>>> print(open('start-v3.txt').read())   # compact mmCIF, C-alpha atoms
# COMPACT_ATOMS: atom_id res chain seq x y z
CA MET A 59 51.24 -20.99 3.72
CA MET A 60 47.64 -20.77 2.48
CA ARG A 61 47.83 -24.43 1.42
CA ALA A 62 48.99 -25.34 4.92
CA ILE A 63 46.15 -23.40 6.50
CA LYS A 64 43.59 -24.97 4.14
CA ALA A 65 44.91 -28.42 5.03
CA ALA A 66 44.63 -27.59 8.69
CA VAL A 67 41.10 -26.27 8.18
CA THR A 68 40.17 -29.54 6.48
CA ALA A 69 41.56 -31.50 9.41
CA ALA A 70 39.66 -29.29 11.83
CA SER A 71 36.46 -29.85 9.86
CA LEU A 72 36.93 -33.61 9.96
CA ALA A 73 37.45 -33.51 13.68
CA MET A 74 34.34 -31.41 14.17
CA CYS A 75 32.13 -33.57 11.93
CA GLY A 76 32.73 -36.73 13.91
CA PRO A 77 33.28 -40.23 12.52
CA VAL A 78 30.50 -41.83 10.54
CA LEU A 79 30.79 -45.09 12.49
CA ALA A 80 30.60 -43.26 15.79
CA GLN A 81 27.34 -41.71 14.63
CA VAL A 82 25.81 -45.15 14.04
CA GLY A 83 26.85 -46.55 17.38
CA ALA A 84 30.41 -47.90 17.02
CA LYS A 85 32.15 -47.27 20.35
CA PRO A 86 35.76 -46.04 20.33
CA ASP A 87 36.80 -47.79 23.52
CA GLY A 88 38.08 -51.35 23.57
CA VAL A 89 40.36 -53.56 21.49
CA ALA A 90 39.85 -54.10 17.79
CA ALA A 91 42.61 -56.66 17.12
CA ARG A 92 45.64 -58.38 18.64
CA PHE A 93 48.48 -60.13 16.85
CA GLU A 94 51.98 -61.00 18.01
CA ASN A 95 52.83 -58.23 20.50
CA GLN A 96 50.55 -55.68 18.85
CA THR A 97 47.23 -54.26 19.98
CA ILE A 98 44.99 -52.16 17.76
CA SER A 99 42.30 -50.15 19.50
CA ARG A 100 38.83 -49.48 18.16
CA ALA A 101 39.60 -45.76 18.38
CA GLU A 102 42.48 -46.24 15.95
CA VAL A 103 40.15 -47.97 13.50
CA LEU A 104 37.51 -45.25 13.77
CA SER A 105 40.07 -42.48 13.30
CA ALA A 106 41.11 -44.04 9.98
CA GLN A 107 37.75 -43.28 8.33
CA HIS A 108 38.92 -40.13 6.59
CA MET A 109 41.43 -42.19 4.61
CA LEU A 110 38.69 -44.17 2.84
CA PRO A 111 37.52 -42.99 -0.59
CA HIS A 112 34.25 -41.11 -0.30
CA GLN A 113 32.23 -43.72 -2.23
CA TYR A 114 32.90 -46.33 0.46
CA ARG A 115 31.56 -44.22 3.31
CA SER A 116 27.96 -45.18 2.56
CA SER A 117 28.71 -48.87 3.09
CA PRO A 118 26.89 -50.71 5.92
CA PRO A 119 28.59 -50.02 9.28
CA ASP A 120 29.78 -53.61 9.79
CA VAL A 121 31.28 -53.73 6.28
CA LEU A 122 32.88 -50.31 6.70
CA TYR A 123 34.35 -51.25 10.06
CA ARG A 124 35.88 -54.47 8.72
CA MET A 125 37.38 -52.63 5.74
CA LEU A 126 38.98 -50.12 8.07
CA LEU A 127 40.22 -52.81 10.43
CA ASP A 128 41.88 -54.69 7.58
CA GLU A 129 43.53 -51.47 6.41
CA VAL A 130 44.88 -50.68 9.88
CA ILE A 131 46.19 -54.22 10.40
CA ASP A 132 47.89 -54.23 6.99
CA GLY A 133 49.46 -50.87 7.71
CA ARG A 134 50.71 -51.96 11.13
CA ILE A 135 52.29 -55.13 9.68
CA LEU A 136 54.11 -53.19 6.97
CA ALA A 137 55.35 -50.61 9.49
CA LEU A 138 56.68 -53.40 11.72
CA GLU A 139 58.51 -54.94 8.78
CA ALA A 140 60.03 -51.55 7.97
CA ARG A 141 61.29 -51.22 11.54
CA LYS A 142 62.84 -54.68 11.39
CA LEU A 143 64.83 -53.41 8.42
CA LYS A 144 65.71 -50.28 10.46
CA LEU A 145 64.20 -48.06 7.78
CA HIS A 146 63.12 -45.62 10.48
CA GLN A 147 66.80 -44.84 10.99
CA ASP A 148 67.40 -43.90 7.36
CA PRO A 149 68.17 -40.12 7.14
CA GLU A 150 65.62 -39.49 4.36
CA ILE A 151 62.92 -41.43 6.22
CA LYS A 152 63.68 -39.42 9.35
CA ARG A 153 63.20 -36.20 7.41
CA ARG A 154 59.88 -37.44 6.02
CA LEU A 155 58.71 -38.51 9.46
CA ALA A 156 59.66 -35.10 10.82
CA ARG A 157 57.56 -33.44 8.13
CA ILE A 158 54.60 -35.67 8.96
CA GLU A 159 54.99 -34.93 12.65
CA GLU A 160 55.08 -31.22 11.90
CA GLN A 161 51.92 -31.48 9.83
CA VAL A 162 50.08 -33.39 12.58
CA LEU A 163 51.18 -30.87 15.19
CA ARG A 164 50.20 -27.97 12.95
CA GLU A 165 46.73 -29.41 12.38
CA ALA A 166 46.30 -30.15 16.09
CA PHE A 167 47.29 -26.59 17.01
CA VAL A 168 44.92 -25.07 14.46
CA THR A 169 42.05 -27.26 15.64
CA ARG A 170 42.54 -26.31 19.30
CA HIS A 171 43.27 -22.65 18.62
CA ILE A 172 40.17 -22.28 16.45
CA ALA A 173 37.99 -24.12 18.96
CA LYS A 174 39.16 -21.63 21.60
CA THR A 175 39.06 -18.52 19.42
CA LEU A 176 35.89 -19.18 17.43
CA PRO A 177 33.22 -20.73 19.65
CA GLU A 178 29.68 -20.42 18.31
CA ALA A 179 29.06 -17.20 20.23
CA GLU A 180 32.06 -15.59 18.54
CA GLN A 181 31.01 -16.91 15.14
CA ARG A 182 27.55 -15.38 15.59
CA LYS A 183 29.11 -12.10 16.75
CA ARG A 184 31.29 -11.92 13.64
CA TYR A 185 28.34 -12.91 11.45
CA ALA A 186 26.34 -10.01 12.89
CA ALA A 187 29.22 -7.61 12.25
CA LEU A 188 29.54 -8.88 8.69
CA VAL A 189 25.83 -8.49 8.04
CA GLY A 190 25.95 -4.98 9.44
CA SER A 191 28.74 -4.00 7.07
CA ILE A 192 27.07 -5.35 3.93
CA ASN A 193 25.57 -2.90 1.48
CA ARG A 194 22.06 -4.26 1.05
CA PRO A 195 20.42 -2.91 -2.11
CA GLU A 196 16.67 -2.41 -2.22
CA GLU A 197 14.54 -5.03 -3.93
CA VAL A 198 10.89 -5.09 -4.87
CA ARG A 199 8.22 -7.69 -5.45
CA ALA A 200 5.99 -7.07 -8.42
CA ARG A 201 3.36 -8.63 -10.64
CA HIS A 202 3.03 -7.95 -14.33
CA ILE A 203 0.86 -8.71 -17.30
CA LEU A 204 2.68 -9.01 -20.63
CA VAL A 205 0.83 -8.44 -23.91
CA LYS A 206 1.89 -7.81 -27.50
CA THR A 207 0.53 -4.33 -28.16
CA LYS A 208 0.18 -1.02 -26.37
CA ASP A 209 -3.57 -0.99 -27.02
CA GLU A 210 -3.95 -4.36 -25.29
CA ALA A 211 -1.95 -3.08 -22.33
CA GLU A 212 -4.05 0.08 -22.03
CA ALA A 213 -7.21 -2.03 -22.12
CA VAL A 214 -5.84 -4.16 -19.27
CA ILE A 215 -5.07 -1.03 -17.23
CA LYS A 216 -8.65 0.21 -17.67
CA GLN A 217 -9.97 -3.20 -16.64
CA LEU A 218 -7.80 -3.14 -13.50
CA GLN A 219 -8.75 0.44 -12.66
CA GLY A 220 -12.38 -0.68 -12.91
CA GLY A 221 -11.82 -3.21 -10.14
CA GLY A 222 -10.49 -6.21 -12.04
CA ASP A 223 -8.41 -8.75 -10.17
CA PHE A 224 -4.77 -8.50 -11.24
CA ALA A 225 -3.88 -12.17 -10.68
CA ALA A 226 -6.97 -13.44 -12.50
CA ILE A 227 -6.39 -11.14 -15.49
CA ALA A 228 -2.71 -12.14 -15.60
CA LYS A 229 -3.66 -15.81 -15.79
CA GLU A 230 -6.11 -15.04 -18.58
CA LYS A 231 -4.19 -12.59 -20.73
CA SER A 232 -0.47 -12.50 -19.91
CA SER A 233 1.89 -14.23 -22.35
CA ASP A 234 4.69 -14.44 -19.76
CA GLY A 235 5.64 -17.63 -17.92
CA SER A 236 4.59 -16.00 -14.66
CA ALA A 237 0.95 -15.96 -15.79
CA SER A 238 0.17 -19.20 -13.96
CA ASP A 239 1.31 -17.47 -10.73
CA GLY A 240 -0.91 -14.48 -11.34
CA GLY A 241 1.98 -12.56 -12.88
CA ASP A 242 4.02 -12.75 -9.66
CA LEU A 243 7.74 -12.19 -10.36
CA GLY A 244 8.84 -12.50 -6.74
CA TYR A 245 11.53 -10.19 -5.36
CA PHE A 246 14.20 -8.71 -7.63
CA THR A 247 16.78 -5.94 -7.57
CA ARG A 248 16.95 -3.05 -9.99
CA GLU A 249 19.80 -4.79 -11.84
CA GLY A 250 17.75 -7.99 -12.09
CA MET A 251 15.37 -6.63 -14.72
CA VAL A 252 15.69 -4.83 -18.03
CA ALA A 253 16.05 -1.08 -17.53
CA PRO A 254 12.60 0.20 -18.58
CA PHE A 255 10.80 -2.42 -16.49
CA ALA A 256 13.04 -1.86 -13.44
CA GLU A 257 12.70 1.93 -13.65
CA ALA A 258 8.92 1.68 -13.74
CA ALA A 259 8.68 -0.93 -10.97
CA PHE A 260 10.99 0.93 -8.59
CA SER A 261 9.07 4.18 -9.10
CA LEU A 262 5.86 2.66 -7.70
CA LYS A 263 4.61 2.36 -4.13
CA PRO A 264 3.36 -0.94 -2.70
CA GLY A 265 -0.14 -1.61 -4.02
CA GLU A 266 0.27 0.92 -6.84
CA LEU A 267 -0.39 0.11 -10.50
CA SER A 268 1.61 1.53 -13.42
CA ALA A 269 -0.43 4.40 -14.92
CA SER A 270 0.69 3.61 -18.46
CA PRO A 271 2.09 0.54 -20.26
CA VAL A 272 5.83 -0.11 -20.11
CA GLU A 273 7.55 -1.24 -23.31
CA THR A 274 10.52 -3.62 -23.32
CA GLU A 275 12.03 -5.96 -25.89
CA PHE A 276 9.53 -8.60 -24.72
CA GLY A 277 6.38 -6.57 -25.35
CA TRP A 278 4.13 -4.28 -23.31
CA HIS A 279 3.87 -4.62 -19.53
CA VAL A 280 1.31 -3.62 -16.95
CA ILE A 281 3.01 -3.59 -13.55
CA LYS A 282 1.71 -3.74 -9.99
CA LEU A 283 4.10 -3.31 -7.07
CA GLU A 284 3.46 -5.67 -4.15
CA ASP A 285 6.27 -4.86 -1.72
CA ARG A 286 9.72 -3.32 -1.34
CA ARG A 287 12.48 -4.14 1.13
CA LEU A 288 16.22 -4.33 1.60
CA THR A 289 17.84 -7.43 0.14
CA GLU A 290 17.69 -10.26 2.65
CA VAL A 291 20.88 -11.79 4.00
CA PRO A 292 21.21 -15.57 4.43
CA PRO A 293 20.68 -16.78 8.01
CA PHE A 294 23.64 -17.79 10.14
CA GLU A 295 22.83 -21.51 9.89
CA GLU A 296 22.87 -21.35 6.09
CA VAL A 297 26.31 -19.76 5.80
CA ARG A 298 27.88 -21.16 8.96
CA GLU A 299 30.20 -23.63 7.22
CA GLN A 300 31.46 -21.12 4.67
CA LEU A 301 31.78 -18.42 7.31
CA PHE A 302 33.69 -20.75 9.64
CA GLY A 303 36.18 -21.54 6.88
CA GLN A 304 36.76 -17.87 6.12
CA LEU A 305 37.05 -16.94 9.78
CA THR A 306 39.50 -19.79 10.35
CA ARG A 307 41.76 -18.52 7.58
CA ASN A 308 41.55 -14.96 8.92
CA VAL A 309 42.26 -15.98 12.52
CA MET A 310 45.28 -18.07 11.54
CA LEU A 311 46.70 -15.39 9.25
CA GLU A 312 46.30 -12.83 12.03
CA TYR A 313 47.94 -15.17 14.53
CA LEU A 314 50.87 -15.92 12.22
CA ALA A 315 51.38 -12.25 11.36
CA LYS A 316 51.52 -11.39 15.07
CA ARG A 317 53.93 -14.19 15.91
CA LYS A 318 56.22 -13.45 12.95
CA SER A 319 56.35 -9.75 13.75
CA ALA A 320 57.82 -10.63 17.14
CA MET A 321 60.51 -12.87 15.66
CA LYS A 322 63.82 -12.19 13.97
CA ILE A 323 63.45 -14.08 10.69
CA GLU A 324 66.34 -14.36 8.27
CA LEU A 325 65.47 -15.09 4.65
CA PHE A 326 67.73 -16.36 1.90
CA ASN A 327 67.29 -16.37 -1.86
CA TYR A 328 67.39 -19.44 -4.10
CA ASP A 329 71.11 -18.94 -4.65
CA GLY A 330 71.77 -18.73 -0.90
CA THR A 331 72.27 -14.96 -0.73
CA PRO A 332 70.54 -13.03 2.09
CA SER A 333 67.12 -11.63 1.27
CA PRO A 334 65.37 -8.72 3.00
CA LYS A 335 62.58 -9.75 5.34
CA ARG A 336 59.21 -9.26 3.67
>>> encode(input="start-v3.txt", output="structure tokens")
Amino acid sequence: MMRAIKAAVTAASLAMCGPVLAQVGAKPDGVAARFENQTISRAEVLSAQHMLPHQYRSSPPDVLYRMLLDEVIDGRILALEARKLKLHQDPEIKRRLARIEEQVLREAFVTRHIAKTLPEAEQRKRYAALVGSINRPEEVRARHILVKTKDEAEAVIKQLQGGGDFAAIAKEKSSDGSASDGGDLGYFTREGMVAPFAEAAFSLKPGELSASPVETEFGWHVIKLEDRRLTEVPPFEEVREQLFGQLTRNVMLEYLAKRKSAMKIELFNYDGTPSPKR
């Protein structure tokens, strides 16, 4: 069932994205081709875009359109030939057509149900609820100066306590890659740094300097805390696509669970024996 829902989500995404050709000005109304008693509309050609391999979708619009038109004409001719041979009346073909029809109907239902259930306002509402439920750990922004010995670190601390500029001293004396940025490490969580460094950094207040050097496997650090805050969450626009996919799965699973609970469903095992309803 999850595969079916994922397929339906994909179809819904395609429908929402809009055809590439439509975006560059190809109009869906009108006739694309006529032959014998057949008419192929431009809309039919445009709707066939998702069948093209991805590498072809960057082709010039006129080339892409002609490729699609040729594909649709070829497909129509072959389907007509199959009907002449009455293949559409073959029992196995009928079963396959029924499966295709079911898939198309399933995808159409999911697309419309999701459009109704998850408009942007609802998506933003659920995003806000999700953000509110997230455990946001604290993170800090700090600068540091890394030197080889404790004596060097203590000398740096005295220089800073005497009014020295932290960023300038970091650029001059720090052996860490952050030296060129004035020792700025950006924001990090407690788990993002080695334990002694993290413990020292998180014990400081914004603007405060470590009173003594901090030793780690990398050397001796002098730390200055710049800021502390709760971990930021990505904005709605950044996670919208991923969130929409997850919400779609949840909505459809909820809908199916509700519908199935109201039905009498008989299940049978592989050998044909009755199976309890799960």
>>> axis_aligned_box(input="start-v3.txt", around="stretch 215-225 of chain A", padding_each_side="5 Å", output="lines of an AutoDock Vina configuration file")
center_x = -8.1
center_y = -5.9
center_z = -13.9
size_x = 18.5
size_y = 22.6
size_z = 17.5
>>> closest_residue(input="start-v3.txt", among="A:Gln107, A:Thr169, A:Thr207, A:Thr274", to="A:Val252", atoms="all atoms listed in the file")
A:Thr274
>>> residues_around(input="start-v3.txt", residues="A:Glu230", least_positions_apart="3", cutoff="12 Å", atoms="only C-alpha atoms", output="PyMOL selection string")
chain A and resi 203-205+214+222-227+233-234+236-241
>>> residues_around(input="start-v3.txt", residues="A:Phe260", least_positions_apart="5", cutoff="9 Å", atoms="only C-alpha atoms", output="PyMOL selection string")
chain A and resi 197-198+248+255+283+286
>>> closest_residue(input="start-v3.txt", among="A:His202, A:Glu273, A:Ala253, A:Arg182", to="A:Glu295", atoms="all atoms listed in the file")
A:Arg182
>>> atom_distance(input="start-v3.txt", atom1="atom CA of A:Lys229", atom2="atom CA of A:Val280")
13.2 Å
>>> residues_around(input="start-v3.txt", residues="A:Val272", least_positions_apart="4", cutoff="9 Å", atoms="only C-alpha atoms", output="MDAnalysis selection string")
chainID A and resid 208 211 254:255 258 268 277:281
>>> atom_distance(input="start-v3.txt", atom1="atom CA of A:Gln217", atom2="atom CA of A:Arg201")
15.6 Å
>>> atom_distance(input="start-v3.txt", atom1="atom CA of A:Lys316", atom2="atom CA of A:His171")
14.4 Å
>>> closest_residue(input="start-v3.txt", among="A:Gln113, A:Ser105, A:Ser270, A:Asn95", to="A:Ile135", atoms="only C-alpha atoms")
A:Asn95
>>> closest_residue(input="start-v3.txt", among="A:Leu176, A:Ile151, A:Glu196, A:Pro332", to="A:Arg307", atoms="only C-alpha atoms")
A:Leu176
>>> residues_around(input="start-v3.txt", residues="A:Ala90", least_positions_apart="6", cutoff="9 Å", atoms="only C-alpha atoms", output="number ranges by chain")
A: 97-103, 127
>>> residues_around(input="start-v3.txt", residues="A:Thr289", least_positions_apart="2", cutoff="9 Å", atoms="all atoms listed in the file", output="list in words")
Arg194, Pro195, Glu196, Glu197, Val198, Tyr245, Phe246, Thr247, Arg287 and Val291 of chain A
>>> write_last_selection(input="start-v3.txt", atoms="C-alpha atoms", output="PDB file, in the coordinates of the input")
ATOM      1  CA  ARG A 194      22.060  -4.260   1.050  1.00  0.00           C
ATOM      2  CA  PRO A 195      20.420  -2.910  -2.110  1.00  0.00           C
ATOM      3  CA  GLU A 196      16.670  -2.410  -2.220  1.00  0.00           C
ATOM      4  CA  GLU A 197      14.540  -5.030  -3.930  1.00  0.00           C
ATOM      5  CA  VAL A 198      10.890  -5.090  -4.870  1.00  0.00           C
ATOM      6  CA  TYR A 245      11.530 -10.190  -5.360  1.00  0.00           C
ATOM      7  CA  PHE A 246      14.200  -8.710  -7.630  1.00  0.00           C
ATOM      8  CA  THR A 247      16.780  -5.940  -7.570  1.00  0.00           C
ATOM      9  CA  ARG A 287      12.480  -4.140   1.130  1.00  0.00           C
ATOM     10  CA  VAL A 291      20.880 -11.790   4.000  1.00  0.00           C
TER      11      VAL A 291
END
